$ cat target_4.txt   # compact mmCIF, C-alpha atoms
# COMPACT_ATOMS: atom_id res chain seq x y z
CA ILE A 222 226.03 13.00 0.36
CA ASP A 223 229.37 11.15 0.48
CA ALA A 224 231.06 11.70 3.86
CA ASP A 225 234.42 10.35 2.57
CA ALA A 226 234.39 12.79 -0.35
CA ILE A 227 233.54 15.68 1.99
CA SER A 228 236.41 14.69 4.32
CA TRP A 229 238.83 14.66 1.38
CA LEU A 230 237.61 18.08 0.21
CA ARG A 231 238.05 19.56 3.70
CA ARG A 232 241.64 18.27 3.86
CA SER A 233 242.58 19.13 0.29
CA ILE A 234 240.97 22.45 -0.60
CA GLN A 235 241.56 25.58 1.44
CA GLY A 236 238.99 28.38 1.50
CA PRO A 237 235.47 27.09 0.91
CA SER A 238 233.52 25.13 3.48
CA PHE A 239 232.01 21.74 2.72
CA THR A 240 228.94 20.20 4.33
CA ARG A 241 227.64 16.68 3.96
CA ILE A 242 223.90 16.72 3.29
CA ASN A 243 221.34 13.95 3.12
CA ALA A 244 220.02 12.51 -0.13
CA PHE A 245 216.69 14.21 0.52
CA PRO A 246 215.92 17.74 1.76
CA PRO A 247 216.04 19.69 3.93
CA THR A 248 219.57 21.04 4.12
CA PRO A 249 220.93 22.77 7.24
CA TYR A 250 221.06 26.14 5.47
CA ALA A 251 218.92 29.11 6.44
CA ASP A 252 216.32 30.59 4.11
CA GLY A 253 217.90 32.78 1.40
CA SER A 254 221.48 31.75 2.26
CA PHE A 255 222.91 31.75 -1.27
CA GLU A 256 222.92 34.26 -4.12
CA PHE A 257 224.23 31.62 -6.53
CA VAL A 258 223.65 27.86 -6.48
CA TYR A 259 224.85 25.41 -9.08
CA GLY A 260 224.64 21.67 -9.56
CA ILE A 261 226.21 19.69 -12.37
CA SER A 262 224.98 16.15 -13.02
CA VAL A 263 222.62 16.09 -10.03
CA PHE A 264 219.15 16.47 -11.55
CA THR A 265 220.27 14.01 -14.22
CA HIS A 266 220.01 11.30 -11.55
CA LEU A 267 216.85 12.05 -9.53
CA ASP A 268 213.28 10.89 -10.11
CA GLU A 269 210.52 13.47 -10.57
CA ALA A 270 209.31 13.47 -6.98
CA THR A 271 212.85 13.92 -5.63
CA GLN A 272 213.52 16.68 -8.15
CA ARG A 273 210.46 18.56 -6.93
CA ARG A 274 211.65 18.23 -3.35
CA TRP A 275 215.08 19.59 -4.28
CA LEU A 276 213.65 22.41 -6.40
CA LYS A 277 211.55 23.49 -3.43
CA GLU A 278 214.61 23.32 -1.16
CA LEU A 279 216.76 25.27 -3.63
CA GLN A 280 214.01 27.86 -3.82
CA ARG A 281 214.09 28.13 -0.03
CA ILE A 282 217.86 28.47 0.37
CA THR A 283 218.39 30.78 -2.63
CA ALA A 284 218.20 34.51 -1.92
CA PRO A 285 215.43 36.52 -3.62
CA ASP A 286 216.64 37.30 -7.18
CA GLY A 287 219.42 34.70 -6.69
CA ILE A 288 220.55 32.53 -9.58
CA VAL A 289 220.42 28.73 -9.78
CA ALA A 290 222.25 26.93 -12.59
CA VAL A 291 221.84 23.17 -12.96
CA SER A 292 222.37 20.63 -15.69
CA VAL A 293 219.97 18.09 -17.15
CA LEU A 294 220.09 15.56 -19.94
CA GLY A 295 217.91 16.85 -22.76
CA ALA A 296 215.16 14.63 -24.17
CA SER A 297 217.22 14.14 -27.33
CA PHE A 298 219.73 12.13 -25.25
CA ALA A 299 217.10 9.56 -24.25
CA PRO A 300 217.72 6.05 -25.57
CA ALA A 301 215.33 4.70 -28.18
CA ASP A 302 213.14 2.87 -25.65
CA LEU A 303 212.59 6.10 -23.65
CA GLN A 304 212.48 8.56 -26.56
CA ARG A 305 208.71 8.55 -26.95
CA GLU A 306 208.08 9.07 -23.22
CA ALA A 307 210.70 11.83 -23.08
CA GLN A 308 209.05 13.62 -26.00
CA ASP A 309 205.39 13.03 -25.01
CA LYS A 310 205.64 13.56 -21.26
CA GLY A 311 208.76 15.72 -21.31
CA PHE A 312 210.39 13.59 -18.64
CA ALA A 313 211.67 10.02 -18.66
CA ASP A 314 213.89 8.08 -16.32
CA VAL A 315 215.32 4.66 -15.61
CA ILE A 316 217.29 3.22 -12.70
CA SER A 317 220.99 3.61 -13.42
CA GLY A 318 223.31 0.65 -13.62
CA GLN A 319 225.37 2.50 -11.00
CA SER A 320 222.47 2.70 -8.54
CA GLY A 321 223.98 -0.02 -6.33
CA THR A 322 227.06 2.13 -5.80
CA PHE A 323 224.92 4.87 -4.26
CA GLN A 324 222.63 2.57 -2.27
CA ALA A 325 224.71 3.26 0.86
CA TYR A 326 223.55 6.89 0.76
CA SER A 327 219.86 6.37 0.06
CA THR A 328 217.57 3.73 -1.45
CA PRO A 329 218.28 1.10 -4.14
CA ASP A 330 216.33 3.05 -6.77
CA TYR A 331 217.54 6.55 -5.84
CA TYR A 332 220.25 6.93 -8.49
CA ARG A 333 218.63 7.19 -11.91
CA ILE A 334 219.27 8.50 -15.39
CA THR A 335 216.73 11.18 -16.30
CA TYR A 336 215.84 13.10 -19.44
CA HIS A 337 213.99 16.44 -19.68
CA SER A 338 212.48 18.32 -22.60
CA GLY A 339 212.77 22.10 -22.66
CA GLN A 340 208.98 22.38 -22.63
CA TYR A 341 208.81 20.25 -19.48
CA LEU A 342 211.43 22.40 -17.75
CA VAL A 343 209.53 25.59 -18.55
CA SER A 344 206.18 24.08 -17.56
CA GLU A 345 207.24 22.32 -14.34
CA TRP A 346 210.33 24.05 -13.03
CA SER A 347 208.88 27.53 -13.51
CA LYS A 348 206.62 26.69 -10.56
CA TYR A 349 209.72 27.23 -8.44
CA PHE A 350 211.89 29.66 -10.42
CA THR A 351 211.84 31.99 -13.38
CA ILE A 352 213.57 30.12 -16.20
CA LEU A 353 216.04 32.57 -17.71
CA GLU A 354 217.71 30.34 -20.25
CA ILE A 355 218.18 26.73 -21.30
CA ILE A 356 221.48 26.24 -23.08
CA GLU A 357 221.40 23.00 -25.04
CA ARG A 358 224.57 20.97 -24.57
CA GLY A 359 225.93 23.87 -22.49
CA ILE A 360 227.88 21.58 -20.15
CA ASN A 361 230.72 19.78 -21.92
CA SER A 362 228.51 19.39 -25.03
CA HIS A 363 226.74 16.64 -23.12
CA GLN A 364 224.23 18.17 -20.71
CA ASP A 365 221.84 21.10 -21.06
CA LEU A 366 222.36 24.02 -18.67
CA VAL A 367 219.24 25.46 -17.04
CA ILE A 368 219.69 28.98 -15.64
CA MET A 369 216.95 30.10 -13.27
CA GLN A 370 216.23 32.99 -10.93
CA ARG A 371 214.36 32.97 -7.67
CA ARG A 372 211.50 35.39 -7.73
CA PRO A 373 211.67 38.24 -5.24
CA THR A 374 209.80 37.64 -2.01
CA ALA A 375 206.40 39.34 -1.99
CA LYS A 376 206.17 42.22 0.43
CA LYS A 377 203.77 41.64 3.29
CA GLY A 378 200.76 43.84 3.71
CA TRP A 379 197.40 44.42 2.17
CA LEU A 380 198.77 45.06 -1.34
CA ALA A 381 200.36 41.62 -1.47
CA PHE A 382 197.07 40.14 -0.25
CA TRP A 383 195.16 41.57 -3.23
CA ARG A 384 197.55 40.36 -5.92
$ encode --input "target_4.txt" --output "structure tokens"
Amino acid sequence: IDADAISWLRRSIQGPSFTRINAFPPTPYADGSFEFVYGISVFTHLDEATQRRWLKELQRITAPDGIVAVSVLGASFAPADLQREAQDKGFADVISGQSGTFQAYSTPDYYRITYHSGQYLVSEWSKYFTILEIIERGINSHQDLVIMQRRPTAKKGWLAFWR
């Protein structure tokens, strides 16, 4: 979302392409564009509604059977005042102290700190993807890694209708 960062990447790194996207979907990518998508420390900063929007968008731009790997902060990382909500609901969040820094890209409350239980991920995120694995502390011993797969697209025809 940071145009200055994208400009630096374009000047500094040869090979890949870089595209600035908005804080909210959609992206400019076509359906099924990517066989592998990853995001580190992204879903750790989005409220539930925004996460759902991005999960739906990732589902759209990921190829059938494609893999999505993203990190989250596990419920065990929640501070004491959010621990009960993180355990009971499976999701808890609070506006980050750094939210003002990101206000230029979105809204004042966009940048959050969020916590997810494994049960919540399986229950809610499996609406968009097949959850293959959740690796606790799989990213730098600090964030959990969620590995998901987009389900194959149903074939059109009468058989798909009767499923």
$ closest_residue --input "target_4.txt" --among "A:Leu276, A:Ala224, A:Ala290, A:Ala299" --to "Lys348 (chain A)" --atoms "only C-alpha atoms"
A:Leu276
$ closest_atom_pairs --input "target_4.txt" --of "region 222-316 of chain A" --to "region 361-377 of chain A" --cutoff "7 Å" --atoms "all atoms listed in the file" --output "CSV"
residue,atom,partner,partner_atom,distance
A:Gln280,CA,A:Arg371,CA,6.4
A:Thr283,CA,A:Arg371,CA,6.8
A:Pro285,CA,A:Pro373,CA,4.4
A:Asp286,CA,A:Arg371,CA,4.9
A:Gly287,CA,A:Arg371,CA,5.4
A:Ile288,CA,A:Gln370,CA,4.5
A:Val289,CA,A:Met369,CA,5.1
A:Ala290,CA,A:Ile368,CA,4.5
A:Val291,CA,A:Val367,CA,5.4
A:Ser292,CA,A:Leu366,CA,4.5
A:Val293,CA,A:Asp365,CA,5.3
A:Leu294,CA,A:Gln364,CA,5.0
A:Gly295,CA,A:Asp365,CA,6.0
$ residues_near_point --input "target_4.txt" --point "(213.9, 23.3, -17.6)" --cutoff "9 Å" --atoms "all atoms listed in the file" --output "list in words"
Val293, His337, Ser338, Gly339, Gln340, Tyr341, Leu342, Val343, Ser344, Glu345, Trp346, Ser347, Ile352, Glu354, Ile355, Asp365, Leu366, Val367, Ile368 and Met369 of chain A
$ atom_distance --input "target_4.txt" --atom1 "CA of Val258 (chain A)" --atom2 "CA of Ala296 (chain A)"
23.7 Å
$ residues_around --input "target_4.txt" --residues "Asp252 (chain A)" --least-positions-apart "5" --cutoff "8 Å" --atoms "all atoms listed in the file" --output "PyMOL selection string"
chain A and resi 281-284
$ residues_around --input "target_4.txt" --residues "region 302-305 of chain A" --least-positions-apart "6" --cutoff "9 Å" --atoms "all atoms listed in the file" --output "ChimeraX atom specification"
/A:296,313-315,336
$ atom_distance --input "target_4.txt" --atom1 "CA of Ser233 (chain A)" --atom2 "CA of Glu278 (chain A)"
28.3 Å
$ closest_residue --input "target_4.txt" --among "A:Ile334, A:Ala301, A:Ile356, A:Ile227" --to "Thr265 (chain A)" --atoms "only C-alpha atoms"
A:Ile334
$ closest_residue --input "target_4.txt" --among "A:Thr248, A:Thr335, A:Ser228, A:Gln324" --to "Gly311 (chain A)" --atoms "only C-alpha atoms"
A:Thr335
$ atom_distance --input "target_4.txt" --atom1 "CA of Ser238 (chain A)" --atom2 "CA of Glu256 (chain A)"
15.9 Å
$ closest_atom_pairs --input "target_4.txt" --of "region 268-315 of chain A" --to "region 241-244 of chain A" --cutoff "12 Å" --atoms "only C-alpha atoms" --output "Markdown table"
| residue | atom | partner | partner_atom | distance |
| --- | --- | --- | --- | --- |
| A:Thr271 | CA | A:Ala244 | CA | 9.1 |
| A:Gln272 | CA | A:Ala244 | CA | 11.1 |
| A:Arg274 | CA | A:Ala244 | CA | 10.6 |
| A:Trp275 | CA | A:Ala244 | CA | 9.6 |
$ closest_residue --input "target_4.txt" --among "A:Arg358, A:Ile234, A:Tyr332, A:Leu353" --to "Phe264 (chain A)" --atoms "all atoms listed in the file"
A:Tyr332
$ axis_aligned_box --input "target_4.txt" --around "region 286-297 of chain A" --padding-each-side "6 Å" --output "lines of an AutoDock Vina configuration file"
center_x = 218.8
center_y = 25.7
center_z = -17.0
size_x = 19.2
size_y = 35.2
size_z = 32.6
$ residues_around --input "target_4.txt" --residues "Pro329 (chain A)" --least-positions-apart "5" --cutoff "12 Å" --atoms "all atoms listed in the file" --output "mmCIF file with C-alpha atoms, in the coordinates of the input"
data_model
loop_
_atom_site.group_PDB
_atom_site.id
_atom_site.type_symbol
_atom_site.label_atom_id
_atom_site.label_comp_id
_atom_site.auth_asym_id
_atom_site.auth_seq_id
_atom_site.Cartn_x
_atom_site.Cartn_y
_atom_site.Cartn_z
ATOM 1 C CA ILE A 316 217.290 3.220 -12.700
ATOM 2 C CA SER A 317 220.990 3.610 -13.420
ATOM 3 C CA GLY A 318 223.310 0.650 -13.620
ATOM 4 C CA GLN A 319 225.370 2.500 -11.000
ATOM 5 C CA SER A 320 222.470 2.700 -8.540
ATOM 6 C CA GLY A 321 223.980 -0.020 -6.330
ATOM 7 C CA THR A 322 227.060 2.130 -5.800
ATOM 8 C CA PHE A 323 224.920 4.870 -4.260
ATOM 9 C CA GLN A 324 222.630 2.570 -2.270
#
$ closest_residue --input "target_4.txt" --among "A:Leu279, A:Leu267, A:Ile261, A:Ala307" --to "Thr328 (chain A)" --atoms "all atoms listed in the file"
A:Leu267
